[in-house]
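Colleague: Input: one structure, supplied below.
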Amino acid sequence: MSTPAVRSIEEPARKIPVSAEYDVLVVGGGPSGLTAALAAAEDGLRVGLIESRSFVGGNMTIGLPVLGFLGQKGNQIIDGLPQKFIDRLRNERDGASEHRPCPLHMGITLVEPEAVKTVALEMLTDAGVDVLFYTFFAGAIVESDTIRGIITESKSGRSAILAKVVIDCTGDADVAYQAGVPTEKGDGNGGMQPPTLMFCLGGVDTDKLRMSIANTPREARTYLTDFIPAEYFGQNHQFIVVGLRELMAKAKQERGLDIPNERTIIITGLKKGEVWINMTRVKGTDGTDARSLTNGEIEGRRQIDDIVTYLINYVPGFETAYFTKTAPFLGIRETRRIVGQYVLTQEDVLSCTHFDDAVAVASYPIDIHRPGDDGCTLIWCGDCYDIPYRSLVPNKVGNLLVAGRSISATHEAMGAIRVMATCMAMGEAAGRAAKISVRGNRAPAEIDVQELRRQQLERGVYLRNPDGTRASAPDHKVVV
Ligand SMILES: Cc1cc2nc3c(=O)[nH]c(=O)nc-3n(C[C@H](O)[C@H](O)[C@H](O)COP(=O)(O)OP(=O)(O)OC[C@H]3O[C@@H](n4cnc5c(N)ncnc54)[C@H](O)[C@@H]3O)c2cc1C
């Protein structure tokens, strides 16, 4: 059957106002956009940040723990601005836990979504970043293969924002894509990790949950958790449960529940009795397509009732649980990735590769919620790997940087670098690179990366020496 021709109309050309002009413009206020804007603004540049929603924080506001602060050897491998953010969350709002070791996720840092929104916004405004909410990136202004600004759509209509450097932190590489940067999507067949509509339950006895796992004899396999020994739950009151596969299979069989996931994933909240559930799974969703996103929201919401039925009737500690809320939006794991000056690969991740132009260190395993079935692939490298600056620099279009999950990486490497502490570390590097670019009047692709690394070290960023130890800042006066 042939596809019907897409109807179209001609949009007349029109003049639009230039609503703002910045040294550095950050598009998207998620984990990477937050730190990109803070780093770019650290010594007085004019920095703007646009965000389509009414708050900053991105996926850090949907009930997820921040992963990536601790490495596979147990040491902290992300510091600098991400750590400052967590400190302020914890000290001012009781909005973050310690970085807690976890055998499966290496380290988990629980955060309170509302505190994230408040503290992130306070840090941005304190730093002088001009934040504009309710404003959607709609197009790139490109002249001679160089981005000069963007076009936005909002209640105020269509307008232009000009900037010397633009940092794309949309997660979807929206800016890079519209500007003409080559991008890729998903695995070799276009399959992308499925999204999840997170939701929250109250009234959960999390001590009963964890002790029932800890005290279950080995042969009682219904409480088996993936990669996390049962004893761990006896010692930790903040945790993520991943597994309980047989319990869920039993529930599906006995009650005919429709849960398209093999695993139970429960994340304790910071508030007593509160847990976040990461179990809806909407295969085939394209996070860059409004119709597909809408269908994803509908299907994600549809799945919640059966998951709640399962939890309340089968999982210890949920007997008096009640549904409280869904996350503010469908969580998108994967969409576009740019093709940049270097494409980070699975081999780089698994061989713990060092790069001379490393601007961040990561350690999270390759963790792919497989697009084609209900399972997950997890592969650890045993230590850390570097993220090279070149993976933040797109091909073809100048004055543009990309940070966050859409950097230049393969589908497999993206499965590792996508966690939020790593995204914050990349954002910090991109923001500082943009600052150096503007101050030195050089394109981001031509800045002195060793100078960037020096500045990163001087600002407390974690980088590695070739022997794997933490690099320290050389005695060097910053001249920018
Ligand atoms: C269900 C799920 C579970 C996950 N679990 C974990 C976990 O447990 N721990 C962990 O650390 N990571 C987890 N991740 C991964 C992590 O959340 C993301 O990879 C990470 O948040 C990406 O950060 P980012 O800054 O690139 O993008 P995002 O967090 O997606 O932020 C992008 C921001 O840009 C804005 N934006 C997008 N497009 C536009 C536009 N056109 N105009 C204006 N603004 C725009 C968005 O509103 C958003 O605020 C999970 C992801 C999902 C979806």
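As shown in the structure tokens, the chain order sets the letters A, B, ...; within each chain, residues go from 1, and ligands are also counted from 1 in the order they appear.
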Could you give me, as a Markdown table, every chain A residue with an atom at most 7 Å from ligand 1, plus its closest atom pair and distance in Å to one decimal, counting only C-alpha atoms and all ligand atoms, rows ordered by chain then number?
Modeller:
```
| residue | atom | partner | partner_atom_place_in_ligand_line | distance |
| --- | --- | --- | --- | --- |
| A:Val27 | CA | ligand 1 | 43 (C) | 5.8 |
| A:Gly28 | CA | ligand 1 | 34 (O) | 3.2 |
| A:Gly29 | CA | ligand 1 | 49 (O) | 4.5 |
| A:Gly30 | CA | ligand 1 | 31 (O) | 3.4 |
| A:Pro31 | CA | ligand 1 | 25 (O) | 4.2 |
| A:Ser32 | CA | ligand 1 | 25 (O) | 3.8 |
| A:Gly33 | CA | ligand 1 | 25 (O) | 5.6 |
| A:Ile50 | CA | ligand 1 | 43 (C) | 5.8 |
| A:Glu51 | CA | ligand 1 | 44 (N) | 3.9 |
| A:Ser52 | CA | ligand 1 | 43 (C) | 3.9 |
| A:Arg53 | CA | ligand 1 | 47 (O) | 5.2 |
| A:Val56 | CA | ligand 1 | 49 (O) | 5.6 |
| A:Gly57 | CA | ligand 1 | 49 (O) | 5.7 |
| A:Gly58 | CA | ligand 1 | 49 (O) | 3.4 |
| A:Asn59 | CA | ligand 1 | 29 (O) | 3.9 |
| A:Met60 | CA | ligand 1 | 21 (O) | 6.1 |
| A:Leu64 | CA | ligand 1 | 8 (O) | 4.7 |
| A:Pro65 | CA | ligand 1 | 8 (O) | 4.8 |
| A:Val66 | CA | ligand 1 | 11 (O) | 3.9 |
| A:Leu67 | CA | ligand 1 | 11 (O) | 3.7 |
| A:Gly68 | CA | ligand 1 | 11 (O) | 6.3 |
| A:Thr135 | CA | ligand 1 | 43 (C) | 5.9 |
| A:Phe136 | CA | ligand 1 | 42 (N) | 3.8 |
| A:Phe137 | CA | ligand 1 | 42 (N) | 3.8 |
| A:Ala138 | CA | ligand 1 | 41 (N) | 6.4 |
| A:Cys169 | CA | ligand 1 | 25 (O) | 5.5 |
| A:Thr170 | CA | ligand 1 | 34 (O) | 3.7 |
| A:Gly171 | CA | ligand 1 | 26 (O) | 3.8 |
| A:Asp172 | CA | ligand 1 | 38 (N) | 6.5 |
| A:Asp174 | CA | ligand 1 | 41 (N) | 5.8 |
| A:Pro195 | CA | ligand 1 | 53 (C) | 5.5 |
| A:Thr196 | CA | ligand 1 | 1 (C) | 4.4 |
| A:Leu197 | CA | ligand 1 | 1 (C) | 6.6 |
| A:Met198 | CA | ligand 1 | 1 (C) | 6.5 |
| A:Asn278 | CA | ligand 1 | 1 (C) | 6.3 |
| A:Gly331 | CA | ligand 1 | 53 (C) | 3.6 |
| A:Ile332 | CA | ligand 1 | 53 (C) | 3.9 |
| A:Arg333 | CA | ligand 1 | 53 (C) | 3.9 |
| A:Ala403 | CA | ligand 1 | 26 (O) | 6.4 |
| A:Gly404 | CA | ligand 1 | 26 (O) | 3.3 |
| A:Arg405 | CA | ligand 1 | 26 (O) | 4.2 |
| A:Ser406 | CA | ligand 1 | 26 (O) | 6.3 |
| A:Arg418 | CA | ligand 1 | 19 (O) | 4.0 |
| A:Val419 | CA | ligand 1 | 11 (O) | 3.6 |
| A:Met420 | CA | ligand 1 | 11 (O) | 3.7 |
| A:Ala421 | CA | ligand 1 | 11 (O) | 6.0 |
| A:Cys423 | CA | ligand 1 | 23 (O) | 5.4 |
```
Colleague: Mind checking which residues fall within 12 Å of Thr469 (chain A), counting only C-alpha atoms, ignoring those fewer than 3 positions away in the same chain, and posting them as number ranges by chain?
Modeller: A: 73, 75-77, 354, 361, 383-384, 462-466, 472
Colleague: I need the residue nearest Gly317 (chain A) from this list: A:Met123, A:Val449, A:Ile266, A:Leu344. Use only C-alpha atoms for the distance.
Modeller: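 Checking each of A:Met123, A:Val449, A:Ile266, A:Leu344 against Gly317 (chain A), counting only C-alpha atoms, the winner is A:Ile266.
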Colleague: Run DSSP on the backbone and tell me which residues of region 1-78 of chain A come out as alpha helix (DSSP H); list them as a list in words.
Modeller: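 Filtering region 1-78 of chain A down to alpha helix (DSSP H) leaves Pro31, Ser32, Gly33, Leu34, Thr35, Ala36, Ala37, Leu38, Ala39 and Ala40 of chain A.
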Colleague: How would the residues just chosen look if you wrote them out with N, CA and C atoms as a PDB file, in the first residue's frame?
Modeller:
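Now in out36.pdb:
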```pdb
ATOM      1  N   PRO A  31      19.841  18.304  33.234  1.00  0.00           N
ATOM      2  CA  PRO A  31      21.117  18.179  33.953  1.00  0.00           C
ATOM      3  C   PRO A  31      22.291  18.806  33.184  1.00  0.00           C
ATOM      4  N   SER A  32      22.359  18.569  31.871  1.00  0.00           N
ATOM      5  CA  SER A  32      23.501  19.117  31.127  1.00  0.00           C
ATOM      6  C   SER A  32      23.353  20.620  30.917  1.00  0.00           C
ATOM      7  N   GLY A  33      22.127  21.088  30.664  1.00  0.00           N
ATOM      8  CA  GLY A  33      21.915  22.521  30.423  1.00  0.00           C
ATOM      9  C   GLY A  33      22.175  23.357  31.658  1.00  0.00           C
ATOM     10  N   LEU A  34      21.808  22.815  32.810  1.00  0.00           N
ATOM     11  CA  LEU A  34      22.031  23.537  34.076  1.00  0.00           C
ATOM     12  C   LEU A  34      23.512  23.855  34.263  1.00  0.00           C
ATOM     13  N   THR A  35      24.354  22.831  34.182  1.00  0.00           N
ATOM     14  CA  THR A  35      25.776  23.053  34.447  1.00  0.00           C
ATOM     15  C   THR A  35      26.449  23.787  33.282  1.00  0.00           C
ATOM     16  N   ALA A  36      25.950  23.583  32.063  1.00  0.00           N
ATOM     17  CA  ALA A  36      26.526  24.323  30.924  1.00  0.00           C
ATOM     18  C   ALA A  36      26.342  25.821  31.147  1.00  0.00           C
ATOM     19  N   ALA A  37      25.134  26.219  31.549  1.00  0.00           N
ATOM     20  CA  ALA A  37      24.869  27.646  31.753  1.00  0.00           C
ATOM     21  C   ALA A  37      25.675  28.192  32.935  1.00  0.00           C
ATOM     22  N   LEU A  38      25.760  27.398  34.011  1.00  0.00           N
ATOM     23  CA  LEU A  38      26.513  27.874  35.191  1.00  0.00           C
ATOM     24  C   LEU A  38      27.992  28.059  34.852  1.00  0.00           C
ATOM     25  N   ALA A  39      28.568  27.109  34.132  1.00  0.00           N
ATOM     26  CA  ALA A  39      29.998  27.208  33.798  1.00  0.00           C
ATOM     27  C   ALA A  39      30.249  28.369  32.835  1.00  0.00           C
ATOM     28  N   ALA A  40      29.348  28.533  31.865  1.00  0.00           N
ATOM     29  CA  ALA A  40      29.548  29.613  30.885  1.00  0.00           C
ATOM     30  C   ALA A  40      29.465  30.979  31.560  1.00  0.00           C
TER      31      ALA A  40
END
```
Colleague: Take CA of Gln341 (chain A) and CA of Gly149 (chain A) and report the distance between them in Å, one decimal.
Modeller: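 Value for the CA of Gln341 (chain A)-CA of Gly149 (chain A) distance: 21.5 Å.
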Colleague: Quick one: residues within 10 Å of Arg148 (chain A), only C-alpha atoms counted, chain neighbours fewer than 4 positions away excluded, as a VMD selection string?
Modeller: chain A and resid 140 to 144 160 to 166 398 to 400
Colleague: Taking only region 10-59 of chain A into account, list the residues labelled strand (DSSP E or B) by DSSP (computed from the backbone), as a list in words.
Modeller: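 Result set for region 10-59 of chain A (strand (DSSP E or B)): Val18, Ser19, Ala20, Glu21, Tyr22, Asp23, Val24, Leu25, Val26, Val27, Val47, Gly48, Leu49 and Ile50 of chain A.
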Colleague: Residues of the last selection are to be written out with C-alpha atoms, as a PDB file, in the first residue's frame.
Modeller:
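Saved the output as selection-v4.pdb:
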```
ATOM      1  CA  VAL A  18      15.321  39.687  17.872  1.00  0.00           C
ATOM      2  CA  SER A  19      14.232  39.254  21.477  1.00  0.00           C
ATOM      3  CA  ALA A  20      17.695  38.790  23.040  1.00  0.00           C
ATOM      4  CA  GLU A  21      21.387  38.574  22.309  1.00  0.00           C
ATOM      5  CA  TYR A  22      23.893  36.626  24.428  1.00  0.00           C
ATOM      6  CA  ASP A  23      27.485  35.516  24.445  1.00  0.00           C
ATOM      7  CA  VAL A  24      26.359  31.960  25.146  1.00  0.00           C
ATOM      8  CA  LEU A  25      22.872  30.534  24.693  1.00  0.00           C
ATOM      9  CA  VAL A  26      21.984  27.193  26.267  1.00  0.00           C
ATOM     10  CA  VAL A  27      18.951  25.402  24.837  1.00  0.00           C
ATOM     11  CA  VAL A  47      24.353  33.738  29.237  1.00  0.00           C
ATOM     12  CA  GLY A  48      20.777  32.841  28.334  1.00  0.00           C
ATOM     13  CA  LEU A  49      18.948  29.562  28.834  1.00  0.00           C
ATOM     14  CA  ILE A  50      15.654  28.669  27.173  1.00  0.00           C
TER      15      ILE A  50
END
```
Colleague: List the neighbours of Asp448 (chain A) out to 10 Å using only C-alpha atoms; skip same-chain residues closer than 3 positions along the sequence, and give me the result as number ranges by chain.
Modeller: A: 357, 433, 436-437, 440, 442, 444-445, 451-453
Colleague: Which one of A:Gly180, A:Pro17, A:Gly190, A:Pro12 sits closest to Pro371 (chain A) if you count only C-alpha atoms?
Modeller: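 For Pro371 (chain A), the nearest of the candidates is A:Gly190.
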Colleague: For Glu92 (chain A), which residue out of A:Ile304, A:Cys200, A:Ile108, A:Val119 is the nearest one, using only C-alpha atoms?
Modeller: A:Val119
Colleague: Tyr385 (chain A): which residues within 12 Å, counting only C-alpha atoms, same-chain residues fewer than 4 positions away excluded, as a VMD selection string?
Modeller: chain A and resid 68 71 to 72 77 344 to 355 358 to 366 380 to 381 413 416 to 417 422 463 to 466 468
Colleague: Those residues you just picked out, can you put them in a file as a PDB file, in the first residue's frame with C-alpha atoms?
Modeller:
```pdb
ATOM      1  CA  GLY A  68      27.188   8.232  37.904  1.00  0.00           C
ATOM      2  CA  GLY A  71      32.764   4.712  39.759  1.00  0.00           C
ATOM      3  CA  GLN A  72      33.006   0.943  39.455  1.00  0.00           C
ATOM      4  CA  ILE A  77      34.534  10.308  39.803  1.00  0.00           C
ATOM      5  CA  LEU A 344      32.573   7.406  21.348  1.00  0.00           C
ATOM      6  CA  THR A 345      32.115   3.628  20.976  1.00  0.00           C
ATOM      7  CA  GLN A 346      31.291   0.575  23.056  1.00  0.00           C
ATOM      8  CA  GLU A 347      34.932  -0.460  22.698  1.00  0.00           C
ATOM      9  CA  ASP A 348      36.092   2.884  24.170  1.00  0.00           C
ATOM     10  CA  VAL A 349      33.781   2.366  27.125  1.00  0.00           C
ATOM     11  CA  LEU A 350      34.648  -1.275  27.724  1.00  0.00           C
ATOM     12  CA  SER A 351      38.399  -0.782  27.373  1.00  0.00           C
ATOM     13  CA  CYS A 352      38.325   2.156  29.846  1.00  0.00           C
ATOM     14  CA  THR A 353      39.911   4.389  27.234  1.00  0.00           C
ATOM     15  CA  HIS A 354      41.960   7.463  28.117  1.00  0.00           C
ATOM     16  CA  PHE A 355      41.773  10.445  25.777  1.00  0.00           C
ATOM     17  CA  ALA A 358      39.178  14.127  28.113  1.00  0.00           C
ATOM     18  CA  VAL A 359      36.859  16.667  29.731  1.00  0.00           C
ATOM     19  CA  ALA A 360      34.871  14.290  31.955  1.00  0.00           C
ATOM     20  CA  VAL A 361      35.260  10.845  33.466  1.00  0.00           C
ATOM     21  CA  ALA A 362      32.455   8.304  33.550  1.00  0.00           C
ATOM     22  CA  SER A 363      32.016   4.791  34.830  1.00  0.00           C
ATOM     23  CA  TYR A 364      28.378   3.836  34.471  1.00  0.00           C
ATOM     24  CA  PRO A 365      27.999   0.515  32.649  1.00  0.00           C
ATOM     25  CA  ILE A 366      26.415   0.100  29.247  1.00  0.00           C
ATOM     26  CA  TRP A 380      30.526  -3.275  32.984  1.00  0.00           C
ATOM     27  CA  CYS A 381      34.084  -2.234  32.117  1.00  0.00           C
ATOM     28  CA  ALA A 413      28.146   4.024  24.283  1.00  0.00           C
ATOM     29  CA  ALA A 416      26.527   4.251  29.296  1.00  0.00           C
ATOM     30  CA  ILE A 417      27.081   8.005  29.170  1.00  0.00           C
ATOM     31  CA  THR A 422      27.747  12.263  33.575  1.00  0.00           C
ATOM     32  CA  LEU A 463      39.866  14.156  35.478  1.00  0.00           C
ATOM     33  CA  ARG A 464      42.264  11.193  35.384  1.00  0.00           C
ATOM     34  CA  ASN A 465      45.993  10.807  35.014  1.00  0.00           C
ATOM     35  CA  PRO A 466      47.136   8.095  32.584  1.00  0.00           C
ATOM     36  CA  GLY A 468      44.061   6.213  36.581  1.00  0.00           C
TER      37      GLY A 468
END
```
Colleague: Which residues are close to Asn295 (chain A), i.e. within 8 Å by only C-alpha atoms, leaving aside same-chain residues fewer than 4 positions away? Reply as JSON, numbers by chain.
Modeller: {"A": [285, 291, 299]}
Colleague: With only C-alpha atoms as the counted atoms, please give the residues lying no more than 12 Å from Ala115 (chain A), apart from itself and same-chain residues fewer than 4 positions off, as a PyMOL selection string.
Modeller: chain A and resi 55-57+60-63+85-86+88-96+110-111+119-123+270
Colleague: Given only C-alpha atoms as the basis, pick out the residue of A:Thr268, A:Thr216, A:Thr320, A:Thr294 nearest to Gly234 (chain A).
Modeller: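 With only C-alpha atoms as the atom set, the closest residue is A:Thr216.
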Colleague: Which is closest to Pro101 (chain A) among A:Gln235, A:Ser54, A:Thr280, A:Ser212, if we use only C-alpha atoms?
Modeller: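 For Pro101 (chain A), the nearest of the candidates is A:Gln235.
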Colleague: Between A:Leu293, A:Ala434, A:Ile307, A:Ala13, which residue has the minimum interatomic distance to Asn261 (chain A), considering only C-alpha atoms?
Modeller: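 Residue with the minimum atom-to-atom distance to Asn261 (chain A): A:Ile307.
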Colleague: Rounded to one decimal in Å, what is the spacing between CA of Gln178 (chain A) and CA of Gly44 (chain A)?
Modeller: 29.2 Å
